[in-house]
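Novice: Provided herewith: query-v7.pdb, PDB, C-alpha atoms and all ligand atoms.
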```pdb
ATOM      1  CA  MET K   1      -6.006 -49.205  45.112
ATOM      2  CA  ILE K   2      -2.946 -47.303  43.975
ATOM      3  CA  PHE K   3      -1.600 -44.403  46.032
ATOM      4  CA  ASP K   4       0.779 -42.085  44.171
ATOM      5  CA  ILE K   5       2.251 -39.607  46.643
ATOM      6  CA  LEU K   6       3.925 -36.343  45.592
ATOM      7  CA  THR K   7       6.151 -34.927  48.306
ATOM      8  CA  LEU K   8       9.404 -33.113  48.999
ATOM      9  CA  PHE K   9      10.231 -35.750  51.628
ATOM     10  CA  PRO K  10       9.668 -39.300  50.311
ATOM     11  CA  SER K  11      11.806 -40.795  53.086
ATOM     12  CA  MET K  12       9.203 -39.720  55.673
ATOM     13  CA  PHE K  13       6.923 -42.472  54.326
ATOM     14  CA  GLU K  14       9.375 -45.354  54.632
ATOM     15  CA  GLY K  15       8.795 -46.146  58.299
ATOM     16  CA  ALA K  16       5.106 -45.286  58.203
ATOM     17  CA  PHE K  17       4.251 -48.071  55.776
ATOM     18  CA  ALA K  18       6.869 -50.627  56.847
ATOM     19  CA  ASP K  19       4.782 -52.534  59.396
ATOM     20  CA  SER K  20       1.460 -54.045  60.248
ATOM     21  CA  ILE K  21      -1.729 -53.694  58.190
ATOM     22  CA  ILE K  22      -0.355 -51.385  55.480
ATOM     23  CA  LYS K  23       2.716 -53.540  54.894
ATOM     24  CA  LYS K  24       0.537 -56.661  54.653
ATOM     25  CA  ALA K  25      -1.874 -54.885  52.298
ATOM     26  CA  VAL K  26       1.051 -53.989  50.027
ATOM     27  CA  ASP K  27       2.692 -57.429  50.282
ATOM     28  CA  ASN K  28      -0.618 -59.130  49.422
ATOM     29  CA  GLY K  29      -1.219 -56.841  46.445
ATOM     30  CA  PHE K  30      -4.354 -55.105  47.783
ATOM     31  CA  VAL K  31      -2.722 -51.678  47.586
ATOM     32  CA  SER K  32       0.328 -50.209  45.931
ATOM     33  CA  ILE K  33       2.075 -47.128  47.299
ATOM     34  CA  SER K  34       4.736 -45.078  45.563
ATOM     35  CA  THR K  35       6.297 -41.778  46.539
ATOM     36  CA  HIS K  36       7.761 -39.256  44.094
ATOM     37  CA  ASN K  37       9.952 -36.293  44.894
ATOM     38  CA  ILE K  38       8.504 -33.009  43.634
ATOM     39  CA  ARG K  39      12.095 -31.740  43.319
ATOM     40  CA  ASP K  40      12.647 -34.199  40.472
ATOM     41  CA  TYR K  41      10.213 -32.078  38.439
ATOM     42  CA  SER K  42      12.078 -28.799  38.982
ATOM     43  CA  ASP K  43      13.404 -27.120  35.847
ATOM     44  CA  ASP K  44      16.341 -25.844  37.874
ATOM     45  CA  VAL K  45      18.816 -28.651  37.167
ATOM     46  CA  ARG K  46      21.475 -27.248  39.476
ATOM     47  CA  HIS K  47      19.594 -26.342  42.663
ATOM     48  CA  LYS K  48      16.306 -28.221  42.088
ATOM     49  CA  THR K  49      14.434 -25.163  43.346
ATOM     50  CA  VAL K  50      10.703 -25.727  43.821
ATOM     51  CA  ASP K  51       9.709 -22.675  45.889
ATOM     52  CA  ASP K  52       9.509 -18.930  45.468
ATOM     53  CA  TYR K  53       8.336 -15.792  47.285
ATOM     54  CA  PRO K  54       4.586 -15.162  47.344
ATOM     55  CA  TYR K  55       3.198 -12.158  45.484
ATOM     56  CA  GLY K  56       1.772  -9.627  47.924
ATOM     57  CA  GLY K  57       4.738  -9.657  50.270
ATOM     58  CA  ASP K  58       3.570 -12.312  52.774
ATOM     59  CA  ALA K  59       6.297 -14.014  54.816
ATOM     60  CA  GLY K  60       7.427 -17.507  53.820
ATOM     61  CA  MET K  61       7.753 -19.379  50.557
ATOM     62  CA  LEU K  62       5.293 -21.100  48.250
ATOM     63  CA  LEU K  63       5.658 -24.194  46.088
ATOM     64  CA  LYS K  64       5.950 -22.994  42.487
ATOM     65  CA  PRO K  65       3.307 -24.084  39.980
ATOM     66  CA  GLU K  66       5.504 -25.528  37.204
ATOM     67  CA  PRO K  67       7.151 -28.426  39.131
ATOM     68  CA  LEU K  68       3.786 -29.291  40.710
ATOM     69  CA  ALA K  69       2.038 -29.297  37.331
ATOM     70  CA  ARG K  70       4.734 -31.563  35.907
ATOM     71  CA  ALA K  71       4.644 -33.863  38.951
ATOM     72  CA  ILE K  72       0.843 -34.234  38.749
ATOM     73  CA  THR K  73       0.938 -34.792  34.984
ATOM     74  CA  ALA K  74       3.608 -37.478  35.421
ATOM     75  CA  ALA K  75       1.502 -39.155  38.132
ATOM     76  CA  ARG K  76      -1.509 -39.165  35.797
ATOM     77  CA  GLU K  77       0.680 -40.760  33.114
ATOM     78  CA  ARG K  78       1.852 -43.442  35.556
ATOM     79  CA  LEU K  79      -1.803 -44.152  36.251
ATOM     80  CA  ALA K  80      -2.898 -44.297  32.601
ATOM     81  CA  GLY K  81      -6.029 -46.439  32.307
ATOM     82  CA  LYS K  82      -7.074 -45.609  35.893
ATOM     83  CA  THR K  83      -9.275 -42.736  37.083
ATOM     84  CA  PRO K  84      -7.143 -41.080  39.759
ATOM     85  CA  LEU K  85      -8.439 -38.333  42.011
ATOM     86  CA  VAL K  86      -5.886 -35.612  42.728
ATOM     87  CA  VAL K  87      -6.133 -34.803  46.436
ATOM     88  CA  PHE K  88      -4.286 -31.838  47.920
ATOM     89  CA  MET K  89      -3.741 -32.002  51.671
ATOM     90  CA  THR K  90      -4.470 -28.545  53.136
ATOM     91  CA  PRO K  91      -5.943 -27.070  56.337
ATOM     92  CA  ALA K  92      -8.398 -25.249  54.042
ATOM     93  CA  GLY K  93      -9.828 -28.529  52.705
ATOM     94  CA  ARG K  94     -12.891 -30.592  53.622
ATOM     95  CA  LEU K  95     -12.424 -32.085  57.052
ATOM     96  CA  LEU K  96     -11.570 -35.770  56.609
ATOM     97  CA  ASN K  97     -14.156 -38.124  58.066
ATOM     98  CA  GLN K  98     -15.106 -41.774  57.621
ATOM     99  CA  GLY K  99     -17.692 -40.870  54.966
ATOM    100  CA  ILE K 100     -14.985 -39.264  52.821
ATOM    101  CA  VAL K 101     -12.664 -42.211  53.543
ATOM    102  CA  LYS K 102     -15.360 -44.553  52.147
ATOM    103  CA  GLU K 103     -15.705 -42.335  49.049
ATOM    104  CA  LEU K 104     -11.935 -42.460  48.487
ATOM    105  CA  ALA K 105     -11.749 -46.225  49.066
ATOM    106  CA  ALA K 106     -14.202 -46.722  46.197
ATOM    107  CA  ARG K 107     -11.725 -45.174  43.701
ATOM    108  CA  ASP K 108      -9.061 -47.163  41.850
ATOM    109  CA  SER K 109      -6.253 -44.669  42.517
ATOM    110  CA  LEU K 110      -5.388 -41.502  44.434
ATOM    111  CA  ILE K 111      -2.694 -38.923  43.748
ATOM    112  CA  LEU K 112      -1.892 -37.329  47.107
ATOM    113  CA  LEU K 113      -0.189 -33.946  46.901
ATOM    114  CA  CYS K 114       1.710 -32.861  50.022
ATOM    115  CA  GLY K 115       2.260 -29.132  50.467
ATOM    116  CA  ARG K 116       5.158 -27.547  52.363
ATOM    117  CA  TYR K 117       6.214 -24.037  53.401
ATOM    118  CA  LYS K 118       3.230 -21.655  53.139
ATOM    119  CA  GLY K 119       1.470 -24.006  50.724
ATOM    120  CA  ILE K 120       1.090 -24.078  46.929
ATOM    121  CA  ASP K 121       0.277 -21.654  44.125
ATOM    122  CA  GLN K 122      -3.522 -21.288  43.874
ATOM    123  CA  ARG K 123      -3.480 -21.987  40.119
ATOM    124  CA  ILE K 124      -2.466 -25.583  40.852
ATOM    125  CA  THR K 125      -5.385 -25.956  43.231
ATOM    126  CA  ASP K 126      -7.752 -24.449  40.657
ATOM    127  CA  GLN K 127      -6.493 -26.300  37.600
ATOM    128  CA  TYR K 128      -5.048 -29.614  38.778
ATOM    129  CA  VAL K 129      -6.633 -30.551  42.107
ATOM    130  CA  ASP K 130      -9.923 -32.486  42.367
ATOM    131  CA  MET K 131     -10.331 -32.460  46.134
ATOM    132  CA  GLU K 132      -8.793 -30.527  49.038
ATOM    133  CA  LEU K 133      -8.634 -32.405  52.341
ATOM    134  CA  SER K 134      -7.768 -31.340  55.879
ATOM    135  CA  ILE K 135      -7.089 -33.722  58.765
ATOM    136  CA  GLY K 136      -8.036 -31.204  61.448
ATOM    137  CA  ASP K 137      -8.176 -27.604  62.535
ATOM    138  CA  TYR K 138      -4.470 -27.182  63.214
ATOM    139  CA  VAL K 139      -1.450 -26.481  61.049
ATOM    140  CA  LEU K 140       1.262 -29.057  60.420
ATOM    141  CA  SER K 141       4.567 -28.351  58.679
ATOM    142  CA  GLY K 142       3.684 -30.412  55.624
ATOM    143  CA  GLY K 143       1.096 -32.613  53.959
ATOM    144  CA  GLU K 144       3.035 -35.841  54.573
ATOM    145  CA  ILE K 145       1.403 -36.784  57.896
ATOM    146  CA  PRO K 146      -2.080 -35.956  56.500
ATOM    147  CA  ALA K 147      -1.310 -38.109  53.425
ATOM    148  CA  MET K 148      -0.230 -40.982  55.706
ATOM    149  CA  ALA K 149      -3.542 -40.649  57.568
ATOM    150  CA  VAL K 150      -5.442 -40.884  54.273
ATOM    151  CA  VAL K 151      -3.448 -43.923  53.088
ATOM    152  CA  ASP K 152      -3.970 -45.698  56.407
ATOM    153  CA  ALA K 153      -7.703 -44.959  56.742
ATOM    154  CA  VAL K 154      -8.459 -45.790  53.082
ATOM    155  CA  THR K 155      -6.356 -48.968  53.074
ATOM    156  CA  ARG K 156      -8.379 -50.368  55.998
ATOM    157  CA  LEU K 157     -11.492 -50.194  53.824
ATOM    158  CA  VAL K 158     -10.029 -51.826  50.718
ATOM    159  CA  PRO K 159     -11.820 -55.201  50.460
ATOM    160  CA  GLY K 160      -9.614 -58.055  51.651
ATOM    161  CA  VAL K 161      -7.212 -55.893  53.673
ATOM    162  CA  LEU K 162      -8.721 -56.552  57.095
ATOM    163  CA  GLY K 163      -8.926 -60.285  57.686
ATOM    164  CA  ASN K 164     -12.296 -59.925  59.348
ATOM    165  CA  MET K 165     -14.316 -57.048  57.857
ATOM    166  CA  ASP K 166     -16.263 -56.975  61.121
ATOM    167  CA  SER K 167     -13.377 -55.160  62.689
ATOM    168  CA  ALA K 168     -13.966 -52.189  60.358
ATOM    169  CA  GLU K 169     -17.730 -52.456  60.683
ATOM    170  CA  THR K 170     -17.644 -52.137  64.470
ATOM    171  CA  ASP K 171     -15.130 -49.281  64.454
ATOM    172  CA  SER K 172     -16.152 -45.769  65.430
ATOM    173  CA  PHE K 173     -17.934 -43.757  62.704
ATOM    174  CA  HIS K 174     -18.689 -46.761  60.490
ATOM    175  CA  SER K 175     -22.348 -46.701  61.505
ATOM    176  CA  GLY K 176     -22.230 -43.026  62.422
ATOM    177  CA  LEU K 177     -21.562 -43.626  66.126
ATOM    178  CA  LEU K 178     -18.493 -43.860  68.356
ATOM    179  CA  SER K 179     -17.402 -47.366  69.311
ATOM    180  CA  HIS K 180     -18.644 -49.009  72.537
ATOM    181  CA  PRO K 181     -16.049 -49.884  75.248
ATOM    182  CA  GLN K 182     -14.141 -53.154  74.741
ATOM    183  CA  TYR K 183     -12.688 -55.586  77.287
ATOM    184  CA  THR K 184     -10.327 -58.545  77.114
ATOM    185  CA  ARG K 185      -8.964 -61.023  79.670
ATOM    186  CA  PRO K 186      -8.498 -61.134  82.652
ATOM    187  CA  GLU K 187     -12.127 -61.037  83.743
ATOM    188  CA  VAL K 188     -11.120 -59.057  86.863
ATOM    189  CA  PHE K 189      -8.346 -56.451  86.621
ATOM    190  CA  GLU K 190      -7.280 -54.482  89.733
ATOM    191  CA  GLY K 191     -10.602 -55.365  91.334
ATOM    192  CA  VAL K 192     -12.702 -54.187  88.370
ATOM    193  CA  SER K 193     -14.808 -56.804  86.558
ATOM    194  CA  VAL K 194     -15.769 -56.937  82.922
ATOM    195  CA  PRO K 195     -19.483 -55.933  82.561
ATOM    196  CA  GLU K 196     -21.520 -59.047  83.335
ATOM    197  CA  VAL K 197     -23.508 -58.991  80.117
ATOM    198  CA  LEU K 198     -20.321 -59.581  78.093
ATOM    199  CA  ILE K 199     -19.661 -62.899  79.825
ATOM    200  CA  SER K 200     -23.320 -63.969  79.781
ATOM    201  CA  GLY K 201     -23.013 -65.613  76.372
ATOM    202  CA  HIS K 202     -26.384 -64.015  75.454
ATOM    203  CA  HIS K 203     -25.670 -62.677  71.971
ATOM    204  CA  ALA K 204     -28.747 -60.453  71.609
ATOM    205  CA  ASN K 205     -28.213 -58.847  75.043
ATOM    206  CA  ILE K 206     -24.542 -58.239  74.239
ATOM    207  CA  LYS K 207     -25.454 -56.515  70.939
ATOM    208  CA  GLU K 208     -28.054 -54.371  72.708
ATOM    209  CA  TRP K 209     -25.569 -53.404  75.476
ATOM    210  CA  GLN K 210     -22.982 -52.455  72.841
ATOM    211  CA  ARG K 211     -25.521 -50.360  70.919
ATOM    212  CA  GLN K 212     -26.666 -48.562  74.095
ATOM    213  CA  LYS K 213     -23.057 -47.813  75.122
ATOM    214  CA  SER K 214     -22.257 -46.505  71.634
ATOM    215  CA  LEU K 215     -25.275 -44.203  71.817
ATOM    216  CA  GLU K 216     -24.395 -43.000  75.354
ATOM    217  CA  ILE K 217     -20.772 -42.252  74.480
ATOM    218  CA  THR K 218     -21.693 -40.543  71.210
ATOM    219  CA  LYS K 219     -24.364 -38.437  72.934
ATOM    220  CA  GLU K 220     -21.915 -37.407  75.651
ATOM    221  CA  ARG K 221     -18.798 -36.784  73.517
ATOM    222  CA  ARG K 222     -19.969 -36.119  69.957
ATOM    223  CA  PRO K 223     -23.639 -35.098  69.964
ATOM    224  CA  ASP K 224     -23.001 -33.553  66.532
ATOM    225  CA  LEU K 225     -22.810 -37.112  65.104
ATOM    226  CA  LEU K 226     -26.350 -38.017  66.194
TER     227      LEU K 226
HETATM  228  N1  LIG K 301      -0.399 -21.445  54.843
HETATM  229  C1  LIG K 301      -1.201 -22.622  54.955
HETATM  230  C2  LIG K 301      -2.529 -22.275  55.580
HETATM  231  O1  LIG K 301      -2.565 -21.358  56.416
HETATM  232  O2  LIG K 301      -3.536 -22.936  55.282
HETATM  233  C3  LIG K 301      -0.528 -23.677  55.826
HETATM  234  C4  LIG K 301       0.689 -24.239  55.206
HETATM  235  S1  LIG K 301       1.345 -25.601  56.110
HETATM  236  C5  LIG K 301       2.615 -24.861  57.078
HETATM  237  C6  LIG K 301       2.250 -26.488  54.895
HETATM  238  C7  LIG K 301       1.499 -27.638  54.280
HETATM  239  O3  LIG K 301       1.177 -28.581  55.285
HETATM  240  C8  LIG K 301       0.180 -27.323  53.621
HETATM  241  O4  LIG K 301       0.317 -26.848  52.314
HETATM  242  C9  LIG K 301      -0.522 -28.664  53.661
HETATM  243  O5  LIG K 301      -0.130 -29.476  52.568
HETATM  244  C10 LIG K 301       0.006 -29.284  54.942
HETATM  245  N2  LIG K 301      -0.930 -29.209  56.082
HETATM  246  C11 LIG K 301      -0.738 -28.516  57.229
HETATM  247  N3  LIG K 301      -1.754 -28.677  58.068
HETATM  248  C12 LIG K 301      -2.630 -29.519  57.479
HETATM  249  C13 LIG K 301      -3.892 -30.061  57.855
HETATM  250  N4  LIG K 301      -4.463 -29.754  59.014
HETATM  251  N5  LIG K 301      -4.507 -30.887  56.993
HETATM  252  C14 LIG K 301      -3.954 -31.185  55.792
HETATM  253  N6  LIG K 301      -2.764 -30.681  55.374
HETATM  254  C15 LIG K 301      -2.105 -29.857  56.205
END
```
In structure tokens, what does this structure look like?

Specialist:
Amino acid sequence: MIFDILTLFPSMFEGAFADSIIKKAVDNGFVSISTHNIRDYSDDVRHKTVDDYPYGGDAGMLLKPEPLARAITAARERLAGKTPLVVFMTPAGRLLNQGIVKELAARDSLILLCGRYKGIDQRITDQYVDMELSIGDYVLSGGEIPAMAVVDAVTRLVPGVLGNMDSAETDSFHSGLLSHPQYTRPEVFEGVSVPEVLISGHHANIKEWQRQKSLEITKERRPDLL
């Protein structure tokens, strides 16, 4: 999986991908991540301007279409031979969920476009973007954090990334339910014991307990998932 990220702030991604699962996935060649500054595609050599006032007199600035079109075209050229999906991160997009994450993980490459200011010119969305994605019903200052969420969630599902695929399969949402509670040692913590069934060694009973707990928690917290 190749992630090609278009942003005004490439340095925001440095720390985010420098540790743990994502770093290992990159080091082991399961994913490749590159960031590209949209300013490099400005035609304004001197000031590298990429924004302008919106028609209609709204407050704030918009990302201009020309640098974005050039940045997306360059990303497609970098990914020649692949079939990249151009994903624009926006509060107006489809709400990201594990089903969409699975869809994205099945692709060979993603071009993630991060908006800033009041967003981007609609003609880019109409003519260059394949999918609009939101990470929740709230407004962030830019698409960088949403893009990081997409990279992280998708990377977990790239075959080979998680040492034991079971750990993705028993995560929340994978089977449509929230995860059951988990316990580790010590067996008694501050007077509270681990549920007895988990130390019974009875595999079938443990599975059934986990399934029941998943159902209970999902019913209580996210009945919409059932
Ligand atoms: N004017 C836009 C609106 O009302 O939908 C919000 C613009 S926001 C301040 C700037 C950029 O942050 C957006 O273009 C988008 O790329 C990103 N962004 C903000 N919230 C987001 C969210 N919930 N999901 C995905 N991207 C988001």

Novice: Got a sec to resolve the PyMOL selection byres (((chain K and resi 34) around 6) and not hetatm) on this structure and send the residues as a PyMOL selection string?

Specialist: chain K and resi 4+33+35

Novice: Which residues form the shell of 7 Å around ligand LIG 301 (chain K) when you count all atoms listed in the file, given as a PyMOL selection string?

Specialist: chain K and resi 88-92+114-120+133-143+146

Novice: Figure out the distance between CA of Ala74 (chain K) and CA of Leu8 (chain K), please, to one decimal in Å.

Specialist: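 Computing it gives 15.4 Å between the two atoms.
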
Novice: The centre and edge lengths of an axis-aligned box containing all atoms of region 190-197 of chain K present in the file, extended by 4 Å on each side, are to be given in Å to one decimal, as JSON.

Specialist:
```
{"center_x": -15.4, "center_y": -56.6, "center_z": 85.7, "size_x": 24.2, "size_y": 12.9, "size_z": 19.2}
```

Novice: Mind running region 79-118 of chain K against region 169-191 of chain K at 12 Å and telling me each contacting residue's nearest atom pair with the distance in Å (one decimal), counting only C-alpha atoms, chain and number ascending, as a tab-separated table?

Specialist:
```
residue	atom	partner	partner_atom	distance
K:Leu96	CA	K:Phe173	CA	11.9
K:Asn97	CA	K:Phe173	CA	8.2
K:Gln98	CA	K:Phe173	CA	6.1
K:Gly99	CA	K:His174	CA	8.1
K:Ile100	CA	K:Phe173	CA	11.2
K:Val101	CA	K:His174	CA	10.3
K:Lys102	CA	K:His174	CA	9.3
```

Novice: Kindly export the residues of the current selection with C-alpha atoms, as a short mmCIF file (atom, residue, chain, number, x, y, z; two decimals), keeping the file's coordinate frame.

Specialist:
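The resulting file, selection-v3.cif, is reproduced below:
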```cif
data_model
loop_
_atom_site.label_atom_id
_atom_site.label_comp_id
_atom_site.auth_asym_id
_atom_site.auth_seq_id
_atom_site.Cartn_x
_atom_site.Cartn_y
_atom_site.Cartn_z
CA LEU K 96 -11.57 -35.77 56.61
CA ASN K 97 -14.16 -38.12 58.07
CA GLN K 98 -15.11 -41.77 57.62
CA GLY K 99 -17.69 -40.87 54.97
CA ILE K 100 -14.98 -39.26 52.82
CA VAL K 101 -12.66 -42.21 53.54
CA LYS K 102 -15.36 -44.55 52.15
#
```

Novice: Can you tell me how far CA of Ile38 (chain K) sits from CA of Thr7 (chain K), in Å to one decimal?

Specialist: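 Spanning CA of Ile38 (chain K) to CA of Thr7 (chain K) is a straight-line distance of 5.6 Å.
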
Novice: Which is closer to Ser11 (chain K) than all the others in K:Val150, K:Gly60, K:His36, K:Ala204, using only C-alpha atoms?

Specialist: K:His36

Novice: Contacts between region 18-27 of chain K and region 69-165 of chain K, please, where a residue of region 69-165 of chain K counts if it comes within 8 Å (with all atoms listed in the file); show its shortest atom pair and distance in Å to one decimal, rows by chain and ascending number, as a tab-separated table.

Specialist:
```
residue	atom	partner	partner_atom	distance
K:Asp152	CA	K:Ile22	CA	6.8
K:Thr155	CA	K:Ile22	CA	6.9
K:Arg156	CA	K:Ile21	CA	7.8
K:Val161	CA	K:Ala25	CA	5.6
K:Leu162	CA	K:Ile21	CA	7.6
```

Novice: Go through K:Thr49, K:Thr73, K:Ser193, K:Ser214 and flag the residue nearest Ile111 (chain K), using all atoms listed in the file for the distances.

Specialist: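 Residue with the minimum atom-to-atom distance to Ile111 (chain K): K:Thr73.
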
Novice: Using all atoms listed in the file, which residue out of K:Val192, K:Asp121, K:Ala16, K:Leu6 lies closest to Met61 (chain K)?

Specialist: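 Of all the options, K:Asp121 lies closest to Met61 (chain K).
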
Novice: What is the distance, in Å and to one decimal place, between CA of Gly57 (chain K) and CA of Ile145 (chain K)?

Specialist: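 So the answer is 28.4 Å.
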
Novice: Expanded to explicit residues, what is the PyMOL selection byres (((chain K and resi 40) around 10) and not hetatm) for this file, as a list of chain:residue names?

Specialist: K:Leu8, K:His36, K:Asn37, K:Ile38, K:Arg39, K:Tyr41, K:Ser42, K:Asp43, K:Asp44, K:Val45, K:Lys48, K:Thr49, K:Val50, K:Pro67, K:Arg70, K:Ala71
